[in-house]
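Novice: What follows is protein.cif, mmCIF, C-alpha atoms and all ligand atoms.
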data_query
#
loop_
_atom_site.group_PDB
_atom_site.id
_atom_site.type_symbol
_atom_site.label_atom_id
_atom_site.label_comp_id
_atom_site.auth_asym_id
_atom_site.auth_seq_id
_atom_site.Cartn_x
_atom_site.Cartn_y
_atom_site.Cartn_z
ATOM 1 C CA MET G 1 18.442 15.864 -24.548
ATOM 2 C CA ARG G 2 18.491 13.202 -27.175
ATOM 3 C CA ASN G 3 16.276 10.431 -28.426
ATOM 4 C CA LEU G 4 16.934 6.908 -27.192
ATOM 5 C CA LYS G 5 16.576 3.786 -29.283
ATOM 6 C CA PRO G 6 13.584 1.827 -27.935
ATOM 7 C CA ALA G 7 13.437 -1.857 -27.015
ATOM 8 C CA ASP G 8 12.641 -4.333 -29.770
ATOM 9 C CA GLU G 9 8.962 -4.506 -30.725
ATOM 10 C CA ASN G 10 8.773 -8.103 -29.502
ATOM 11 C CA THR G 11 7.954 -6.776 -26.042
ATOM 12 C CA ILE G 12 6.164 -9.910 -24.845
ATOM 13 C CA VAL G 13 9.529 -11.738 -24.805
ATOM 14 C CA PHE G 14 10.681 -9.291 -22.128
ATOM 15 C CA TYR G 15 7.408 -9.743 -20.229
ATOM 16 C CA ASP G 16 7.823 -13.537 -20.274
ATOM 17 C CA GLY G 17 11.421 -13.178 -19.074
ATOM 18 C CA VAL G 18 10.329 -11.125 -16.071
ATOM 19 C CA VAL G 19 7.521 -13.584 -15.251
ATOM 20 C CA ASP G 20 9.958 -16.527 -15.521
ATOM 21 C CA SER G 21 12.294 -14.831 -13.056
ATOM 22 C CA LYS G 22 9.583 -14.666 -10.381
ATOM 23 C CA GLN G 23 9.712 -17.125 -7.472
ATOM 24 C CA VAL G 24 6.768 -18.800 -5.791
ATOM 25 C CA LYS G 25 5.681 -16.637 -2.871
ATOM 26 C CA GLU G 26 5.249 -18.619 0.329
ATOM 27 C CA ASP G 27 2.577 -16.258 1.646
ATOM 28 C CA ASP G 28 0.726 -16.254 -1.704
ATOM 29 C CA PRO G 29 1.062 -19.673 -3.349
ATOM 30 C CA GLN G 30 -1.462 -18.779 -6.078
ATOM 31 C CA TYR G 31 0.509 -15.731 -7.291
ATOM 32 C CA LEU G 32 2.209 -17.411 -10.240
ATOM 33 C CA VAL G 33 -1.026 -19.151 -11.230
ATOM 34 C CA ARG G 34 -2.826 -15.808 -11.374
ATOM 35 C CA ILE G 35 0.077 -14.204 -13.281
ATOM 36 C CA ALA G 36 -0.068 -17.018 -15.868
ATOM 37 C CA SER G 37 -3.792 -16.361 -16.336
ATOM 38 C CA TYR G 38 -3.144 -12.700 -17.264
ATOM 39 C CA ARG G 39 -0.897 -13.494 -20.218
ATOM 40 C CA PRO G 40 -3.531 -13.498 -23.022
ATOM 41 C CA GLY G 41 -4.794 -10.076 -21.889
ATOM 42 C CA VAL G 42 -1.265 -8.738 -21.693
ATOM 43 C CA VAL G 43 -0.484 -10.017 -25.205
ATOM 44 C CA THR G 44 -3.537 -8.115 -26.505
ATOM 45 C CA ALA G 45 -2.600 -4.963 -24.568
ATOM 46 C CA TYR G 46 1.000 -5.115 -25.830
ATOM 47 C CA GLY G 47 -0.357 -5.261 -29.369
ATOM 48 C CA HIS G 48 -2.279 -2.038 -28.687
ATOM 49 C CA TYR G 49 0.875 -0.518 -27.221
ATOM 50 C CA ASN G 50 2.924 -1.349 -30.301
ATOM 51 C CA ALA G 51 0.235 0.227 -32.494
ATOM 52 C CA HIS G 52 0.374 3.422 -30.399
ATOM 53 C CA PHE G 53 4.147 3.309 -30.599
ATOM 54 C CA ALA G 54 4.179 2.939 -34.389
ATOM 55 C CA GLY G 55 1.724 5.814 -34.917
ATOM 56 C CA ASN G 56 2.769 7.894 -31.888
ATOM 57 C CA THR G 57 -0.860 7.936 -30.774
ATOM 58 C CA PHE G 58 -0.260 7.529 -27.030
ATOM 59 C CA ALA G 59 -2.487 10.534 -26.317
ATOM 60 C CA ASN G 60 -5.444 8.272 -27.240
ATOM 61 C CA ALA G 61 -4.368 5.294 -25.101
ATOM 62 C CA VAL G 62 -7.181 3.635 -23.152
ATOM 63 C CA SER G 63 -6.491 1.793 -19.903
ATOM 64 C CA ALA G 64 -7.634 -1.814 -19.561
ATOM 65 C CA GLY G 65 -9.085 -0.712 -16.203
ATOM 66 C CA HIS G 66 -7.631 -3.517 -14.087
ATOM 67 C CA ALA G 67 -8.692 -3.620 -10.442
ATOM 68 C CA ASN G 68 -7.089 -5.575 -7.608
ATOM 69 C CA PRO G 69 -5.854 -8.228 -7.316
ATOM 70 C CA THR G 70 -4.923 -8.104 -11.023
ATOM 71 C CA LYS G 71 -3.620 -4.545 -10.761
ATOM 72 C CA ALA G 72 -1.456 -5.264 -7.717
ATOM 73 C CA ASP G 73 -0.160 -8.478 -9.317
ATOM 74 C CA LEU G 74 0.858 -6.687 -12.531
ATOM 75 C CA LEU G 75 2.462 -3.828 -10.596
ATOM 76 C CA GLY G 76 4.300 -6.408 -8.502
ATOM 77 C CA LEU G 77 6.177 -7.589 -11.596
ATOM 78 C CA TYR G 78 8.104 -4.293 -11.744
ATOM 79 C CA ARG G 79 11.245 -3.947 -9.645
ATOM 80 C CA TYR G 80 13.865 -1.527 -10.958
ATOM 81 C CA LYS G 81 16.746 -3.279 -9.222
ATOM 82 C CA ALA G 82 15.819 -6.734 -10.555
ATOM 83 C CA LYS G 83 18.133 -8.189 -13.180
ATOM 84 C CA PRO G 84 15.837 -8.051 -16.266
ATOM 85 C CA PHE G 85 15.305 -4.315 -15.684
ATOM 86 C CA GLN G 86 18.992 -3.612 -15.149
ATOM 87 C CA VAL G 87 19.800 -5.477 -18.369
ATOM 88 C CA LEU G 88 17.119 -3.438 -20.167
ATOM 89 C CA LYS G 89 18.485 -0.179 -18.737
ATOM 90 C CA ALA G 90 21.990 -1.031 -19.939
ATOM 91 C CA GLN G 91 20.627 -1.865 -23.391
ATOM 92 C CA LEU G 92 18.609 1.362 -23.693
ATOM 93 C CA THR G 93 21.420 3.588 -22.424
ATOM 94 C CA THR G 94 24.299 2.204 -24.480
ATOM 95 C CA ASP G 95 25.065 4.273 -27.557
ATOM 96 C CA GLU G 96 26.313 3.252 -31.007
ATOM 97 C CA LYS G 97 29.941 3.561 -29.802
ATOM 98 C CA ASN G 98 29.211 1.205 -26.917
ATOM 99 C CA ARG G 99 29.401 4.049 -24.392
ATOM 100 C CA LEU G 100 26.956 4.430 -21.541
ATOM 101 C CA ILE G 101 24.520 7.363 -21.637
ATOM 102 C CA SER G 102 24.411 7.713 -17.858
ATOM 103 C CA THR G 103 22.465 11.008 -17.777
ATOM 104 C CA CYS G 104 18.663 11.197 -17.588
ATOM 105 C CA GLN G 105 17.528 12.421 -21.007
ATOM 106 C CA ASN G 106 14.310 13.860 -19.581
ATOM 107 C CA CYS G 107 16.405 16.583 -17.929
ATOM 108 C CA THR G 108 20.086 16.007 -18.950
ATOM 109 C CA ILE G 109 21.072 17.004 -15.402
ATOM 110 C CA ASN G 110 20.944 13.978 -13.070
ATOM 111 C CA SER G 111 22.042 10.380 -13.435
ATOM 112 C CA VAL G 112 19.634 7.652 -14.477
ATOM 113 C CA ASN G 113 18.498 5.815 -11.374
ATOM 114 C CA THR G 114 14.970 4.676 -12.194
ATOM 115 C CA PHE G 115 12.534 4.037 -15.030
ATOM 116 C CA ASP G 116 9.896 6.581 -15.948
ATOM 117 C CA HIS G 117 6.681 4.778 -16.976
ATOM 118 C CA VAL G 118 5.707 6.654 -20.143
ATOM 119 C CA LEU G 119 2.071 5.643 -19.593
ATOM 120 C CA PRO G 120 1.808 5.750 -15.776
ATOM 121 C CA LYS G 121 1.671 2.309 -14.210
ATOM 122 C CA GLU G 122 -1.090 3.260 -11.764
ATOM 123 C CA GLU G 123 -3.455 3.971 -14.661
ATOM 124 C CA PHE G 124 -1.987 1.347 -16.996
ATOM 125 C CA PRO G 125 -0.758 -1.556 -14.806
ATOM 126 C CA GLU G 126 -0.851 -3.748 -17.924
ATOM 127 C CA TYR G 127 2.195 -1.768 -19.163
ATOM 128 C CA ALA G 128 4.086 -1.738 -15.842
ATOM 129 C CA ILE G 129 6.858 -3.854 -17.374
ATOM 130 C CA ASN G 130 6.370 -3.224 -21.103
ATOM 131 C CA PRO G 131 9.987 -2.418 -22.087
ATOM 132 C CA ARG G 132 8.849 0.241 -24.566
ATOM 133 C CA ASN G 133 6.969 1.936 -21.731
ATOM 134 C CA LEU G 134 10.097 2.162 -19.555
ATOM 135 C CA PHE G 135 12.223 5.243 -20.156
ATOM 136 C CA PRO G 136 15.527 5.520 -18.227
ATOM 137 C CA SER G 137 15.145 8.544 -15.961
ATOM 138 C CA CYS G 138 16.235 10.220 -12.735
ATOM 139 C CA GLY G 139 14.143 10.182 -9.584
ATOM 140 C CA GLU G 140 13.663 13.955 -9.650
ATOM 141 C CA CYS G 141 12.048 13.922 -13.105
ATOM 142 C CA ASN G 142 9.995 10.878 -12.164
ATOM 143 C CA GLY G 143 8.747 12.706 -9.060
ATOM 144 C CA TYR G 144 7.654 15.746 -11.061
ATOM 145 C CA LYS G 145 5.778 13.565 -13.540
ATOM 146 C CA SER G 146 3.235 12.197 -11.034
ATOM 147 C CA ALA G 147 0.090 10.637 -12.482
ATOM 148 C CA VAL G 148 -1.026 13.521 -14.702
ATOM 149 C CA TRP G 149 0.314 12.810 -18.153
ATOM 150 C CA ARG G 150 -2.287 14.220 -20.567
ATOM 151 C CA GLN G 151 -4.654 17.156 -20.664
ATOM 152 C CA ASN G 152 -7.349 18.034 -23.215
ATOM 153 C CA GLY G 153 -6.336 15.030 -25.284
ATOM 154 C CA ALA G 154 -2.663 16.015 -25.553
ATOM 155 C CA ARG G 155 0.364 14.551 -23.809
ATOM 156 C CA LEU G 156 2.211 16.758 -21.334
ATOM 157 C CA PHE G 157 5.678 15.145 -21.537
ATOM 158 C CA LEU G 158 8.046 14.232 -24.309
ATOM 159 C CA ASN G 159 8.469 10.546 -25.011
ATOM 160 C CA LEU G 160 12.042 10.456 -26.237
ATOM 161 C CA PHE G 161 11.598 7.027 -27.782
ATOM 162 C CA VAL G 162 9.144 8.391 -30.332
ATOM 163 C CA ASP G 163 9.074 12.217 -30.329
ATOM 164 C CA ALA G 164 11.865 13.201 -32.710
ATOM 165 C CA LEU G 165 13.598 16.279 -31.336
ATOM 166 C CA PRO G 166 14.058 19.126 -33.819
ATOM 167 C CA ASP G 167 17.430 20.274 -35.131
ATOM 168 C CA GLU G 168 16.378 23.850 -34.480
ATOM 169 C CA GLN G 169 17.253 25.923 -31.468
ATOM 170 C CA TYR G 170 14.420 26.467 -28.996
ATOM 171 C CA LEU G 171 16.437 26.884 -25.785
ATOM 172 C CA PHE G 172 18.089 30.280 -25.269
ATOM 173 C CA PRO G 173 20.457 31.047 -22.378
ATOM 174 C CA ASP G 174 21.093 34.604 -21.251
ATOM 175 C CA VAL G 175 24.236 35.573 -19.324
ATOM 176 C CA THR G 176 24.247 38.438 -16.831
ATOM 177 C CA ILE G 177 27.069 39.583 -14.591
ATOM 178 C CA LEU G 178 26.148 41.521 -11.487
ATOM 179 C CA GLY G 179 29.138 42.501 -9.398
ATOM 180 C CA ASP G 180 31.040 39.288 -8.751
ATOM 181 C CA GLU G 181 28.173 37.004 -9.690
ATOM 182 C CA VAL G 182 27.574 35.362 -13.075
ATOM 183 C CA LYS G 183 24.002 34.237 -13.675
ATOM 184 C CA VAL G 184 22.560 32.292 -16.568
ATOM 185 C CA SER G 185 18.813 32.290 -17.129
ATOM 186 C CA PHE G 186 16.931 30.452 -19.870
ATOM 187 C CA THR G 187 13.870 30.862 -22.028
ATOM 188 C CA ILE G 188 12.316 28.579 -24.595
ATOM 189 C CA GLU G 189 10.977 30.256 -27.682
ATOM 190 C CA ASN G 190 9.812 29.136 -31.083
ATOM 191 C CA ARG G 191 12.037 31.498 -33.066
ATOM 192 C CA ASN G 192 12.943 28.901 -35.678
ATOM 193 C CA GLY G 193 9.656 27.579 -37.006
ATOM 194 C CA ILE G 194 9.344 24.324 -35.065
ATOM 195 C CA ASP G 195 6.033 22.528 -35.624
ATOM 196 C CA PRO G 196 3.650 24.242 -33.136
ATOM 197 C CA PHE G 197 2.349 20.967 -31.653
ATOM 198 C CA LEU G 198 5.869 19.682 -31.051
ATOM 199 C CA PHE G 199 6.918 23.044 -29.629
ATOM 200 C CA GLU G 200 3.934 23.028 -27.245
ATOM 201 C CA LEU G 201 4.891 19.516 -26.107
ATOM 202 C CA ILE G 202 8.506 20.602 -25.546
ATOM 203 C CA SER G 203 7.306 23.674 -23.616
ATOM 204 C CA SER G 204 5.025 21.575 -21.443
ATOM 205 C CA HIS G 205 7.821 19.061 -20.767
ATOM 206 C CA PHE G 206 10.188 21.872 -19.742
ATOM 207 C CA ARG G 207 7.568 23.606 -17.617
ATOM 208 C CA ARG G 208 6.401 20.531 -15.740
ATOM 209 C CA LEU G 209 9.918 19.244 -15.072
ATOM 210 C CA HIS G 210 11.012 22.772 -14.008
ATOM 211 C CA LEU G 211 13.921 22.496 -16.411
ATOM 212 C CA LEU G 212 14.655 26.197 -16.925
ATOM 213 C CA LYS G 213 15.166 26.770 -13.200
ATOM 214 C CA ARG G 214 17.036 23.483 -12.774
ATOM 215 C CA PHE G 215 19.409 24.424 -15.613
ATOM 216 C CA SER G 216 19.964 27.863 -14.107
ATOM 217 C CA ASP G 217 20.666 26.359 -10.673
ATOM 218 C CA ASN G 218 23.182 23.920 -12.164
ATOM 219 C CA CYS G 219 25.329 26.363 -14.163
ATOM 220 C CA GLY G 220 27.978 26.946 -11.481
ATOM 221 C CA ASP G 221 30.338 24.169 -12.585
ATOM 222 C CA ILE G 222 30.077 25.155 -16.265
ATOM 223 C CA ILE G 223 30.999 28.758 -15.399
ATOM 224 C CA THR G 224 33.966 27.597 -13.284
ATOM 225 C CA GLU G 225 35.215 25.233 -15.994
ATOM 226 C CA GLN G 226 35.023 27.890 -18.665
ATOM 227 C CA ILE G 227 36.860 30.448 -16.529
ATOM 228 C CA ASN G 228 39.604 27.860 -15.925
ATOM 229 C CA SER G 229 39.780 27.078 -19.615
ATOM 230 C CA ILE G 230 40.121 30.780 -20.515
ATOM 231 C CA LEU G 231 42.759 31.351 -17.824
ATOM 232 C CA GLU G 232 44.761 28.349 -19.026
ATOM 233 C CA SER G 233 44.528 29.306 -22.725
ATOM 234 C CA LYS G 234 45.029 33.073 -22.648
ATOM 235 C CA ALA G 235 48.840 32.930 -22.385
ATOM 236 C CA THR G 236 49.180 31.125 -25.714
ATOM 237 C CA LEU G 237 45.961 31.858 -27.635
ATOM 238 C CA GLU G 238 44.147 34.968 -28.783
ATOM 239 C CA LYS G 239 40.635 35.638 -27.513
ATOM 240 C CA GLU G 240 39.200 34.853 -30.953
ATOM 241 C CA GLN G 241 40.996 31.487 -31.057
ATOM 242 C CA ILE G 242 39.740 30.563 -27.597
ATOM 243 C CA ARG G 243 36.251 31.553 -28.677
ATOM 244 C CA ASN G 244 36.402 29.442 -31.855
ATOM 245 C CA ILE G 245 37.711 26.366 -30.023
ATOM 246 C CA THR G 246 35.059 26.676 -27.298
ATOM 247 C CA ILE G 247 32.220 27.088 -29.784
ATOM 248 C CA GLY G 248 33.581 24.275 -31.975
ATOM 249 C CA LYS G 249 33.726 21.908 -29.015
ATOM 250 C CA ALA G 250 30.219 22.949 -27.879
ATOM 251 C CA ASN G 251 28.817 22.280 -31.337
ATOM 252 C CA ARG G 252 30.381 18.805 -31.338
ATOM 253 C CA ASP G 253 28.687 18.195 -27.988
ATOM 254 C CA ARG G 254 25.378 19.286 -29.500
ATOM 255 C CA GLN G 255 25.757 16.720 -32.279
ATOM 256 C CA LYS G 256 26.252 14.035 -29.674
ATOM 257 C CA PHE G 257 24.016 15.141 -26.798
ATOM 258 C CA GLY G 258 21.303 17.009 -28.677
ATOM 259 C CA PHE G 259 20.955 20.203 -30.667
ATOM 260 C CA ASN G 260 19.550 22.031 -27.628
ATOM 261 C CA TYR G 261 21.953 20.470 -25.113
ATOM 262 C CA TRP G 262 21.860 23.106 -22.392
ATOM 263 C CA LYS G 263 25.476 22.800 -21.223
ATOM 264 C CA ALA G 264 26.794 23.351 -24.738
ATOM 265 C CA LEU G 265 24.471 26.319 -25.245
ATOM 266 C CA VAL G 266 25.692 27.811 -21.948
ATOM 267 C CA ASP G 267 29.315 27.381 -23.082
ATOM 268 C CA ILE G 268 28.511 29.221 -26.315
ATOM 269 C CA ALA G 269 26.605 31.983 -24.508
ATOM 270 C CA LEU G 270 29.436 32.504 -22.001
ATOM 271 C CA ILE G 271 32.272 32.613 -24.521
ATOM 272 C CA SER G 272 30.236 34.873 -26.827
ATOM 273 C CA SER G 273 29.908 37.459 -24.043
ATOM 274 C CA ASP G 274 32.727 40.050 -24.022
ATOM 275 C CA GLU G 275 31.678 40.992 -20.526
ATOM 276 C CA PHE G 276 32.128 37.406 -19.346
ATOM 277 C CA TYR G 277 35.563 37.141 -21.004
ATOM 278 C CA GLU G 278 36.748 40.300 -19.254
ATOM 279 C CA TYR G 279 35.343 38.928 -16.012
ATOM 280 C CA ALA G 280 37.109 35.563 -16.521
ATOM 281 C CA VAL G 281 40.589 36.934 -17.255
ATOM 282 C CA LEU G 282 40.453 38.951 -14.013
ATOM 283 C CA GLN G 283 39.876 35.857 -11.844
HETATM 284 ZN ZN ZN U 1 15.904 13.753 -15.021
#
What does the file become when written as structure tokens?

Specialist:
Amino acid sequence: MRNLKPADENTIVFYDGVVDSKQVKEDDPQYLVRIASYRPGVVTAYGHYNAHFAGNTFANAVSAGHANPTKADLLGLYRYKAKPFQVLKAQLTTDEKNRLISTCQNCTINSVNTFDHVLPKEEFPEYAINPRNLFPSCGECNGYKSAVWRQNGARLFLNLFVDALPDEQYLFPDVTILGDEVKVSFTIENRNGIDPFLFELISSHFRRLHLLKRFSDNCGDIITEQINSILESKATLEKEQIRNITIGKANRDRQKFGFNYWKALVDIALISSDEFYEYAVLQ
């Protein structure tokens, strides 16, 4: 899980680009005329959005309260597969080395195949295509998010454009071997003095996206790869050397993919377990 660099603050340029790409609808000849009439309101709303973005005050966001046909018209501007959105996705998911970050950062499990509307588009249709409101995501995370995004004045999900993730460990894997089965379970705990509000937000994000169970269910390939790595290395390297290389590589991954990157933490937990090493060399 890592932060992504947001779109440029000149968000109305993106909005105008999407509007310009729209064709006249034969069954609704007035569509583009109505869309043009919304622009001043959208410019005002985008100003509010940028202010929330700058101060990370999204928990206080107030919907413009659009009803149909305005709401349906604004929602109709969003189409994930349309070119402006694919260009935006590529821009948001390309890292400083020009490599694609193809994994959903909300979960770091599945591939990106949609945009998560940070402020839900049903409640905030005015931000349906605001590029700073569109976070590259997987469909599974997007499905878990639903329309409930704040409770008691606090947000329930991380916004990885603006919520800076801590360089402290909060995710803790635990390896158990029962018979022939290796299991990894996870907890999140504030053992390292993370700001309590940020930790609560992280906890809520993990809980509502079912991340601990999803991580646990997805550990099979990591276990297999590490067993293969141990089996391949043990003829030429000592256990301690294998352990140091594995942990060193995992820590490099954490620098790149996030301090609490679950796959790297699983690698460290597995190789740190004597029981797992004995299990692996017998495969
Ligand atoms: Zn996801």

Novice: I want to know what sits within 9 Å of segment 210-220 of chain G, based on only C-alpha atoms, with residues of the same chain fewer than 2 positions away left out; could you give that as a JSON list (two decimals) with C-alpha atoms, in the frame of the given file?

Specialist:
[["chain", "number", "residue", "atom", "x", "y", "z"],
["G", 107, "CYS", "CA", 16.40, 16.58, -17.93],
["G", 109, "ILE", "CA", 21.07, 17.00, -15.40],
["G", 141, "CYS", "CA", 12.05, 13.92, -13.10],
["G", 144, "TYR", "CA", 7.65, 15.75, -11.06],
["G", 173, "PRO", "CA", 20.46, 31.05, -22.38],
["G", 182, "VAL", "CA", 27.57, 35.36, -13.08],
["G", 183, "LYS", "CA", 24.00, 34.24, -13.68],
["G", 184, "VAL", "CA", 22.56, 32.29, -16.57],
["G", 185, "SER", "CA", 18.81, 32.29, -17.13],
["G", 186, "PHE", "CA", 16.93, 30.45, -19.87],
["G", 187, "THR", "CA", 13.87, 30.86, -22.03],
["G", 188, "ILE", "CA", 12.32, 28.58, -24.60],
["G", 205, "HIS", "CA", 7.82, 19.06, -20.77],
["G", 206, "PHE", "CA", 10.19, 21.87, -19.74],
["G", 207, "ARG", "CA", 7.57, 23.61, -17.62],
["G", 208, "ARG", "CA", 6.40, 20.53, -15.74],
["G", 222, "ILE", "CA", 30.08, 25.16, -16.26],
["G", 223, "ILE", "CA", 31.00, 28.76, -15.40],
["G", 224, "THR", "CA", 33.97, 27.60, -13.28],
["G", 225, "GLU", "CA", 35.22, 25.23, -15.99],
["G", 262, "TRP", "CA", 21.86, 23.11, -22.39],
["G", 263, "LYS", "CA", 25.48, 22.80, -21.22],
["G", 266, "VAL", "CA", 25.69, 27.81, -21.95]]

Novice: Taking 3 positions as the minimum chain separation for residues in the same chain, which residues sit within 12 Å of Ser272 of chain G when counting only C-alpha atoms? Answer as a PDB file with C-alpha atoms, in the coordinates of the input.

Specialist:
ATOM      1  CA  PRO G 173      20.457  31.047 -22.378  1.00  0.00           C
ATOM      2  CA  ASP G 174      21.093  34.604 -21.251  1.00  0.00           C
ATOM      3  CA  VAL G 175      24.236  35.573 -19.324  1.00  0.00           C
ATOM      4  CA  GLN G 226      35.023  27.890 -18.665  1.00  0.00           C
ATOM      5  CA  LYS G 239      40.635  35.638 -27.513  1.00  0.00           C
ATOM      6  CA  GLU G 240      39.200  34.853 -30.953  1.00  0.00           C
ATOM      7  CA  ILE G 242      39.740  30.563 -27.597  1.00  0.00           C
ATOM      8  CA  ARG G 243      36.251  31.553 -28.677  1.00  0.00           C
ATOM      9  CA  ASN G 244      36.402  29.442 -31.855  1.00  0.00           C
ATOM     10  CA  ILE G 245      37.711  26.366 -30.023  1.00  0.00           C
ATOM     11  CA  THR G 246      35.059  26.676 -27.298  1.00  0.00           C
ATOM     12  CA  ILE G 247      32.220  27.088 -29.784  1.00  0.00           C
ATOM     13  CA  ALA G 250      30.219  22.949 -27.879  1.00  0.00           C
ATOM     14  CA  LEU G 265      24.471  26.319 -25.245  1.00  0.00           C
ATOM     15  CA  VAL G 266      25.692  27.811 -21.948  1.00  0.00           C
ATOM     16  CA  ASP G 267      29.315  27.381 -23.082  1.00  0.00           C
ATOM     17  CA  ILE G 268      28.511  29.221 -26.315  1.00  0.00           C
ATOM     18  CA  ALA G 269      26.605  31.983 -24.508  1.00  0.00           C
ATOM     19  CA  GLU G 275      31.678  40.992 -20.526  1.00  0.00           C
ATOM     20  CA  PHE G 276      32.128  37.406 -19.346  1.00  0.00           C
ATOM     21  CA  TYR G 277      35.563  37.141 -21.004  1.00  0.00           C
ATOM     22  CA  GLU G 278      36.748  40.300 -19.254  1.00  0.00           C
TER      23      GLU G 278
END

Novice: Using only C-alpha atoms and all ligand atoms, find the one residue out of G:Thr57, G:Thr176, G:Thr108, G:Ser273 that sits nearest to ligand ZN 1 (chain U).

Specialist: G:Thr108

Novice: Write out as a ChimeraX atom specification the residues lying within 8 Å of Asn130 of chain G, counting all atoms listed in the file and excluding same-chain residues fewer than 4 positions away.

Specialist: /G:11-12,14-15,46,126,134

Novice: Can you translate the PyMOL selection byres (((not hetatm)) within 8 of (chain U and resi 1)) into the concrete residues it hits in this file, as a list in words?

Specialist: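 On the file shown, the PyMOL selection byres (((not hetatm)) within 8 of (chain U and resi 1)) covers Thr103, Cys104, Gln105, Asn106, Cys107, Thr108, Ile109, Asn110, Ser111, Val112, Ser137, Cys138, Gly139, Glu140, Cys141 and Asn142 of chain G.
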
Novice: So what does the PyMOL selection byres (((chain G and resi 33-38) around 8) and not hetatm) actually pick up in this one, as a list of chain:residue names?

Specialist: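 Selected by the PyMOL selection byres (((chain G and resi 33-38) around 8) and not hetatm) here: G:Val19, G:Gln30, G:Tyr31, G:Leu32, G:Arg39, G:Pro40, G:Gly41, G:Val42, G:Thr70, G:Asp73, G:Leu74.
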
Novice: Expand the PyMOL selection byres (((chain G and resi 2) around 6) and not hetatm) into the explicit residue set it covers here, and present it as a PyMOL selection string.

Specialist: chain G and resi 1+3+257-258

Novice: Using all atoms listed in the file, which of G:Gln283, G:Asp274, G:Asp167, G:Glu189 sits nearest Leu231 of chain G?

Specialist: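 Closest residue, counting all atoms listed in the file: G:Gln283.
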
Novice: Find the distance between atom CA of Trp149 of chain G and atom CA of Thr93 of chain G and write it in Å to one decimal.

Specialist: 23.4 Å

Novice: Mind pulling up the distance from atom CA of Ser102 of chain G to atom CA of Leu156 of chain G?

Specialist: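 One can read the atom CA of Leu156 of chain G to atom CA of Ser102 of chain G distance as 24.2 Å.
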